[in-house]
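**Student:** Structure supplied as target32.cif; contents: mmCIF, C-alpha atoms.
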```
data_target
loop_
_atom_site.label_atom_id
_atom_site.label_comp_id
_atom_site.auth_asym_id
_atom_site.auth_seq_id
_atom_site.Cartn_x
_atom_site.Cartn_y
_atom_site.Cartn_z
CA MET A 1307 32.93 -17.71 -6.36
CA ASP A 1308 30.80 -15.84 -8.91
CA LYS A 1309 27.44 -15.48 -7.18
CA GLU A 1310 25.91 -13.91 -10.30
CA ILE A 1311 25.33 -17.49 -11.52
CA PHE A 1312 22.55 -17.83 -8.96
CA LYS A 1313 20.50 -15.38 -11.01
CA ASN A 1314 20.20 -18.13 -13.62
CA ILE A 1315 18.22 -20.31 -11.22
CA SER A 1316 14.49 -20.03 -11.83
CA TYR A 1317 12.36 -18.53 -9.04
CA GLY A 1318 8.84 -17.23 -8.57
CA MET A 1319 7.70 -14.23 -6.55
CA TYR A 1320 5.39 -14.74 -3.58
CA ILE A 1321 4.14 -13.13 -0.40
CA VAL A 1322 4.19 -15.39 2.65
CA SER A 1323 1.90 -14.28 5.45
CA THR A 1324 0.44 -15.35 8.76
CA LYS A 1325 -1.44 -13.82 11.69
CA LEU A 1326 -1.02 -13.85 15.46
CA ASP A 1327 -2.16 -10.49 16.84
CA LYS A 1328 -2.14 -8.84 13.41
CA PRO A 1329 -1.49 -9.85 9.78
CA VAL A 1330 2.21 -10.01 8.90
CA GLY A 1331 4.02 -10.97 5.74
CA CYS A 1332 7.00 -10.54 3.44
CA VAL A 1333 8.15 -11.20 -0.11
CA ILE A 1334 9.93 -14.48 -0.83
CA ASN A 1335 11.25 -16.13 -3.98
CA THR A 1336 12.34 -19.48 -2.59
CA LEU A 1337 9.42 -21.91 -2.74
CA ILE A 1338 9.61 -25.55 -3.81
CA GLN A 1339 6.84 -28.09 -4.29
CA ILE A 1340 8.23 -31.29 -2.77
CA THR A 1341 5.36 -33.79 -3.16
CA SER A 1342 2.20 -34.02 -5.26
CA ASP A 1343 -0.07 -36.37 -3.30
CA ASN A 1344 -1.12 -34.73 -0.04
CA PRO A 1345 1.22 -31.91 -1.19
CA ILE A 1346 4.18 -30.63 0.75
CA ILE A 1347 6.13 -27.45 -0.03
CA SER A 1348 9.18 -25.74 1.45
CA ILE A 1349 10.08 -22.06 1.82
CA SER A 1350 13.15 -20.24 3.13
CA LEU A 1351 13.05 -17.25 5.50
CA ASN A 1352 15.83 -15.23 7.13
CA LYS A 1353 16.01 -15.83 10.90
CA GLU A 1354 15.97 -12.06 11.51
CA ASN A 1355 12.69 -11.71 9.62
CA TYR A 1356 9.70 -10.86 11.83
CA THR A 1357 7.42 -13.06 9.70
CA ASN A 1358 9.73 -15.99 10.48
CA GLU A 1359 9.24 -15.34 14.21
CA ILE A 1360 5.45 -15.30 13.93
CA ILE A 1361 5.23 -18.40 11.70
CA LYS A 1362 7.17 -20.31 14.35
CA LYS A 1363 4.43 -19.37 16.82
CA THR A 1364 1.38 -19.96 14.61
CA LYS A 1365 2.75 -22.98 12.66
CA THR A 1366 0.64 -21.80 9.72
CA PHE A 1367 1.13 -19.48 6.74
CA SER A 1368 -0.25 -18.62 3.35
CA ILE A 1369 1.48 -18.17 0.01
CA SER A 1370 0.09 -15.55 -2.38
CA ILE A 1371 1.39 -16.00 -5.94
CA LEU A 1372 2.25 -12.58 -7.38
CA ASN A 1373 1.34 -11.54 -10.93
CA GLU A 1374 3.40 -9.55 -13.41
CA ASP A 1375 0.77 -6.79 -13.31
CA ILE A 1376 0.98 -6.27 -9.53
CA ASN A 1377 1.56 -2.71 -8.35
CA PRO A 1378 5.35 -2.55 -7.66
CA ASN A 1379 4.61 -0.53 -4.53
CA ILE A 1380 3.12 -3.67 -2.97
CA ILE A 1381 6.40 -5.54 -3.53
CA SER A 1382 8.28 -2.61 -2.02
CA LYS A 1383 5.95 -2.49 0.98
CA PHE A 1384 6.30 -6.20 1.75
CA GLY A 1385 9.95 -6.52 0.71
CA PHE A 1386 11.66 -3.55 2.31
CA ASN A 1387 9.72 -3.00 5.56
CA SER A 1388 9.20 -4.99 8.74
CA SER A 1389 5.71 -6.12 9.78
CA LYS A 1390 6.81 -5.29 13.31
CA ASP A 1391 6.71 -1.60 12.38
CA VAL A 1392 4.36 -1.38 9.36
CA ASP A 1393 0.82 -2.65 8.73
CA LYS A 1394 1.62 -4.06 5.31
CA PHE A 1395 -1.96 -5.12 4.61
CA ALA A 1396 -3.44 -1.66 5.23
CA ASN A 1397 -5.50 -0.41 2.25
CA LEU A 1398 -4.94 -3.64 0.31
CA ASP A 1399 -7.48 -6.20 -0.89
CA TYR A 1400 -6.91 -9.25 1.29
CA GLU A 1401 -8.96 -11.95 3.02
CA LEU A 1402 -8.57 -14.02 6.17
CA ILE A 1403 -8.80 -17.74 5.40
CA ASN A 1404 -8.85 -19.76 8.63
CA ASN A 1405 -7.45 -16.61 10.30
CA ILE A 1406 -4.53 -16.55 7.83
CA PRO A 1407 -4.24 -13.45 5.58
CA VAL A 1408 -4.07 -13.98 1.82
CA LEU A 1409 -3.37 -11.13 -0.58
CA LYS A 1410 -5.94 -10.98 -3.39
CA GLU A 1411 -4.68 -7.77 -5.01
CA GLY A 1412 -2.07 -8.59 -7.67
CA SER A 1413 -2.22 -12.31 -6.91
CA SER A 1414 -3.23 -15.22 -9.17
CA GLY A 1415 -3.99 -17.54 -6.27
CA TYR A 1416 -3.01 -18.75 -2.84
CA LEU A 1417 -1.98 -21.76 -0.76
CA ILE A 1418 -2.84 -22.31 2.91
CA CYS A 1419 -0.07 -24.24 4.67
CA GLU A 1420 0.65 -25.94 7.99
CA VAL A 1421 4.26 -26.27 9.19
CA ILE A 1422 5.38 -29.86 9.76
CA ASN A 1423 9.13 -29.30 10.16
CA ILE A 1424 11.73 -26.53 10.42
CA ILE A 1425 15.32 -27.01 9.25
CA ASP A 1426 18.15 -24.79 10.47
CA ALA A 1427 20.07 -23.45 7.46
CA GLU A 1428 22.50 -21.10 9.25
CA THR A 1429 21.23 -17.59 8.42
CA HIS A 1430 17.83 -18.92 7.29
CA ASP A 1431 15.17 -21.41 8.34
CA ILE A 1432 13.60 -23.81 5.88
CA PHE A 1433 9.93 -24.37 6.66
CA ILE A 1434 8.50 -27.67 5.44
CA ALA A 1435 4.71 -27.40 5.25
CA ARG A 1436 1.63 -29.37 4.27
CA VAL A 1437 -0.68 -27.59 1.84
CA LYS A 1438 -4.15 -27.66 3.39
CA ASP A 1439 -6.08 -25.57 0.88
CA THR A 1440 -5.62 -23.69 -2.42
CA LYS A 1441 -7.56 -21.36 -4.67
CA LYS A 1442 -6.91 -19.96 -8.14
CA LEU A 1443 -8.00 -16.32 -8.41
CA ASN A 1444 -7.32 -15.53 -12.08
CA ASP A 1445 -5.35 -16.51 -15.19
CA ASN A 1446 -2.88 -13.62 -15.05
CA THR A 1447 0.79 -14.38 -15.67
CA PRO A 1448 2.70 -15.19 -12.46
CA MET A 1449 5.81 -13.07 -11.89
CA THR A 1450 9.24 -14.67 -12.00
CA TYR A 1451 12.31 -13.40 -10.19
CA LYS A 1452 13.90 -12.80 -13.61
CA TYR A 1453 10.96 -10.56 -14.59
CA TYR A 1454 11.25 -8.69 -11.30
CA HIS A 1455 14.94 -7.95 -11.96
CA GLU A 1456 14.88 -7.31 -15.70
CA VAL A 1457 11.51 -5.60 -16.26
CA ILE A 1458 10.64 -3.97 -12.93
CA LYS A 1459 14.36 -3.45 -12.21
CA GLY A 1460 13.89 -4.55 -8.61
CA SER A 1461 16.59 -5.73 -6.23
CA ALA A 1462 16.68 -8.28 -3.42
CA PRO A 1463 16.65 -6.93 0.17
CA ARG A 1464 19.63 -7.79 2.37
CA LYS A 1465 17.74 -10.53 4.26
CA ALA A 1466 16.73 -12.37 1.09
CA PRO A 1467 18.52 -15.69 0.40
CA THR A 1468 19.23 -14.44 -3.14
CA TYR A 1469 20.76 -11.11 -2.05
CA ILE A 1470 24.04 -10.30 -3.81
CA GLU A 1471 26.18 -7.44 -2.52
CA LYS A 1472 26.88 -4.89 -5.23
CA LYS A 1473 30.46 -4.35 -6.35
CA ASN A 1474 31.23 -0.66 -5.95
CA ASN A 1475 33.43 -0.26 -9.02
CA HIS A 1476 30.94 2.39 -10.22
CA GLU A 1477 28.30 4.61 -8.64
CA VAL A 1478 25.58 2.78 -6.74
CA TRP A 1479 22.50 4.60 -5.39
CA GLU A 1480 19.94 3.26 -2.91
CA CYS A 1481 16.36 4.49 -2.54
CA LEU A 1482 15.68 5.47 1.08
CA MET A 1483 11.98 4.74 0.60
CA CYS A 1484 12.09 1.14 -0.66
CA GLY A 1485 15.71 -0.01 -0.98
CA TYR A 1486 15.76 -0.09 -4.79
CA ILE A 1487 19.32 -0.04 -6.18
CA PHE A 1488 20.33 2.09 -9.18
CA GLU A 1489 23.78 1.62 -10.71
CA GLY A 1490 25.54 4.34 -12.68
CA ASP A 1491 25.12 8.11 -13.02
CA ILE A 1492 21.59 8.79 -11.75
CA PRO A 1493 19.70 11.34 -13.93
CA ASP A 1494 18.15 14.45 -12.33
CA ASP A 1495 14.68 13.43 -13.53
CA PHE A 1496 15.00 9.80 -12.35
CA VAL A 1497 11.95 8.28 -10.63
CA CYS A 1498 12.17 5.04 -8.65
CA PRO A 1499 10.36 2.29 -10.63
CA ILE A 1500 9.29 0.60 -7.39
CA CYS A 1501 7.94 3.38 -5.17
CA GLY A 1502 8.00 6.51 -7.35
CA ALA A 1503 10.55 8.40 -5.23
CA THR A 1504 12.60 11.13 -6.94
CA LYS A 1505 16.39 11.47 -7.12
CA ASP A 1506 16.40 13.38 -3.81
CA SER A 1507 15.36 10.17 -2.03
CA PHE A 1508 18.47 8.28 -3.21
CA ILE A 1509 21.76 8.09 -1.36
CA LYS A 1510 25.12 7.08 -2.78
CA LYS A 1511 26.47 3.82 -1.35
#
```
The structure given in the file should be rewritten as structure tokens.
**Tutor:**
Amino acid sequence: MDKEIFKNISYGMYIVSTKLDKPVGCVINTLIQITSDNPIISISLNKENYTNEIIKKTKTFSISILNEDINPNIISKFGFNSSKDVDKFANLDYELINNIPVLKEGSSGYLICEVINIIDAETHDIFIARVKDTKKLNDNTPMTYKYYHEVIKGSAPRKAPTYIEKKNNHEVWECLMCGYIFEGDIPDDFVCPICGATKDSFIKK
């Protein structure tokens, strides 16, 4: 099976977040609008993801729609760290809407959602949710998963449903700071496009 074909499926880039004792969240790219009237959406989250655990307790979450001009460090922060260990919202522009955090920085708008069903999908859970509120923040261009890969040169973390294991038929380097993957002979003056780390922060896989 050639899993590279999955890169041809269109995705957006979002941050899903919720709050129990503290704001938590992570990057996702699997969101589908299911109905229009009294709208329902679905998202997919890895069962090992801490945000998954908290959403199951709160039964609510927000979706922040990421823009192409977002600081890549924000994607790195939310995509390659656990909210259990890191305060991902620290020093960022966000707001609590009905006690649910929404990211305003680098976002074109948000959805406030209430879980109505959870479907077991082996390694992941599919959350079916009713959209209770929305707000458009600006007219900036929303980021697609294709843009994230081809322009920002980002990679999917291991817990993402779209993660594809790299074939080690050539050198592969991983950034210890954010998980960014570089393939090939890494230059001495290379700087990570996601977090700004230098070559010294990369390890060969």
**Student:** A:Lys1362, A:Ile1334, A:Asp1445, A:Met1483: which is nearest Lys1505 (chain A), counting only C-alpha atoms?
**Tutor:** A:Met1483
**Student:** Would you kindly return, as a ChimeraX atom specification, each protein, DNA or RNA residue with an atom no farther than 10 Å from any atom of Phe1395 (chain A), considering all atoms listed in the file and excluding same-chain residues fewer than 5 positions away?
**Tutor:** /A:1323,1328-1331,1380,1383-1384,1389,1400-1401,1407-1409
**Student:** Between A:Leu1351, A:Leu1398, A:Ile1487, A:Ile1406, which has the minimum distance to Thr1364 (chain A) (counting only C-alpha atoms)?
**Tutor:**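 Distance minimum relative to Thr1364 (chain A) lands on A:Ile1406.
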**Student:** May I ask which of the residues A:Ile1349, A:Ile1311, A:Pro1378, A:Tyr1451 is the closest one to Ile1424 (chain A), counting all atoms listed in the file?
**Tutor:**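 Going through A:Ile1349, A:Ile1311, A:Pro1378, A:Tyr1451 one by one, the smallest distance to Ile1424 (chain A) is for A:Ile1349.
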**Student:** May I have the residues at most 6 Å from (24.1, 5.2, -10.3) in the file's coordinates, counting all atoms listed in the file, as number ranges by chain?
**Tutor:** A: 1477-1479, 1488-1492
**Student:** Compare A:Pro1499, A:Gly1485, A:Pro1345, A:Gly1318 by their minimum atom-to-atom distance to Tyr1453 (chain A), counting all atoms listed in the file, and give me the closest one.
**Tutor:**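 Ranked by minimum distance to Tyr1453 (chain A), first place goes to A:Gly1318.
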**Student:** For Gly1412 (chain A), work out the shell of residues within 6 Å, counting all atoms listed in the file and skipping chain neighbours fewer than 5 positions away, then give it as a ChimeraX atom specification.
**Tutor:** /A:1372-1373,1376
**Student:** For region 1344-1372 of chain A, supply N, CA and C atoms and format the output as a short mmCIF file (atom, residue, chain, number, x, y, z; two decimals), keeping the file's coordinate frame.
**Tutor:**
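Okay, this is what ended up in part_18.cif:
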```
data_model
loop_
_atom_site.label_atom_id
_atom_site.label_comp_id
_atom_site.auth_asym_id
_atom_site.auth_seq_id
_atom_site.Cartn_x
_atom_site.Cartn_y
_atom_site.Cartn_z
N ASN A 1344 -1.12 -35.35 -1.36
CA ASN A 1344 -1.12 -34.73 -0.04
C ASN A 1344 0.03 -33.72 0.03
N PRO A 1345 0.03 -32.70 -0.84
CA PRO A 1345 1.22 -31.91 -1.19
C PRO A 1345 1.95 -31.25 -0.03
N ILE A 1346 3.27 -31.27 -0.18
CA ILE A 1346 4.18 -30.63 0.75
C ILE A 1346 5.03 -29.64 -0.02
N ILE A 1347 5.25 -28.45 0.56
CA ILE A 1347 6.13 -27.45 -0.03
C ILE A 1347 7.20 -27.06 0.99
N SER A 1348 8.20 -26.32 0.53
CA SER A 1348 9.18 -25.74 1.45
C SER A 1348 9.43 -24.29 1.05
N ILE A 1349 9.70 -23.45 2.05
CA ILE A 1349 10.08 -22.06 1.82
C ILE A 1349 11.27 -21.73 2.70
N SER A 1350 11.99 -20.68 2.35
CA SER A 1350 13.15 -20.24 3.13
C SER A 1350 12.92 -18.82 3.62
N LEU A 1351 13.21 -18.58 4.93
CA LEU A 1351 13.05 -17.25 5.50
C LEU A 1351 14.26 -16.92 6.39
N ASN A 1352 14.74 -15.70 6.28
CA ASN A 1352 15.83 -15.23 7.13
C ASN A 1352 15.41 -15.30 8.60
N LYS A 1353 16.33 -15.71 9.47
CA LYS A 1353 16.01 -15.83 10.90
C LYS A 1353 15.72 -14.48 11.55
N GLU A 1354 16.21 -13.39 10.94
CA GLU A 1354 15.97 -12.06 11.51
C GLU A 1354 14.62 -11.49 11.06
N ASN A 1355 13.95 -12.20 10.17
CA ASN A 1355 12.69 -11.71 9.62
C ASN A 1355 11.56 -11.87 10.64
N TYR A 1356 10.78 -10.81 10.85
CA TYR A 1356 9.70 -10.86 11.83
C TYR A 1356 8.64 -11.89 11.44
N THR A 1357 8.38 -12.05 10.15
CA THR A 1357 7.42 -13.06 9.70
C THR A 1357 7.87 -14.46 10.10
N ASN A 1358 9.17 -14.71 10.03
CA ASN A 1358 9.73 -15.99 10.48
C ASN A 1358 9.34 -16.24 11.94
N GLU A 1359 9.54 -15.23 12.77
CA GLU A 1359 9.24 -15.34 14.21
C GLU A 1359 7.78 -15.70 14.45
N ILE A 1360 6.87 -15.06 13.71
CA ILE A 1360 5.45 -15.30 13.93
C ILE A 1360 5.01 -16.65 13.37
N ILE A 1361 5.57 -17.07 12.24
CA ILE A 1361 5.23 -18.40 11.70
C ILE A 1361 5.63 -19.50 12.68
N LYS A 1362 6.75 -19.32 13.36
CA LYS A 1362 7.17 -20.31 14.35
C LYS A 1362 6.16 -20.42 15.49
N LYS A 1363 5.43 -19.35 15.75
CA LYS A 1363 4.43 -19.37 16.82
C LYS A 1363 3.09 -19.92 16.33
N THR A 1364 2.70 -19.54 15.11
CA THR A 1364 1.38 -19.96 14.61
C THR A 1364 1.40 -21.34 13.95
N LYS A 1365 2.58 -21.72 13.40
CA LYS A 1365 2.75 -22.98 12.66
C LYS A 1365 1.88 -23.03 11.40
N THR A 1366 1.43 -21.87 10.95
CA THR A 1366 0.64 -21.80 9.72
C THR A 1366 1.07 -20.57 8.92
N PHE A 1367 0.87 -20.64 7.59
CA PHE A 1367 1.13 -19.48 6.74
C PHE A 1367 0.41 -19.66 5.42
N SER A 1368 0.30 -18.57 4.70
CA SER A 1368 -0.25 -18.62 3.35
C SER A 1368 0.82 -18.18 2.36
N ILE A 1369 0.66 -18.61 1.12
CA ILE A 1369 1.48 -18.17 0.01
C ILE A 1369 0.57 -17.51 -1.01
N SER A 1370 0.80 -16.24 -1.31
CA SER A 1370 0.09 -15.55 -2.38
C SER A 1370 1.02 -15.46 -3.58
N ILE A 1371 0.56 -15.96 -4.72
CA ILE A 1371 1.39 -16.00 -5.94
C ILE A 1371 1.23 -14.68 -6.68
N LEU A 1372 2.32 -13.92 -6.81
CA LEU A 1372 2.25 -12.58 -7.38
C LEU A 1372 2.21 -12.61 -8.90
#
```
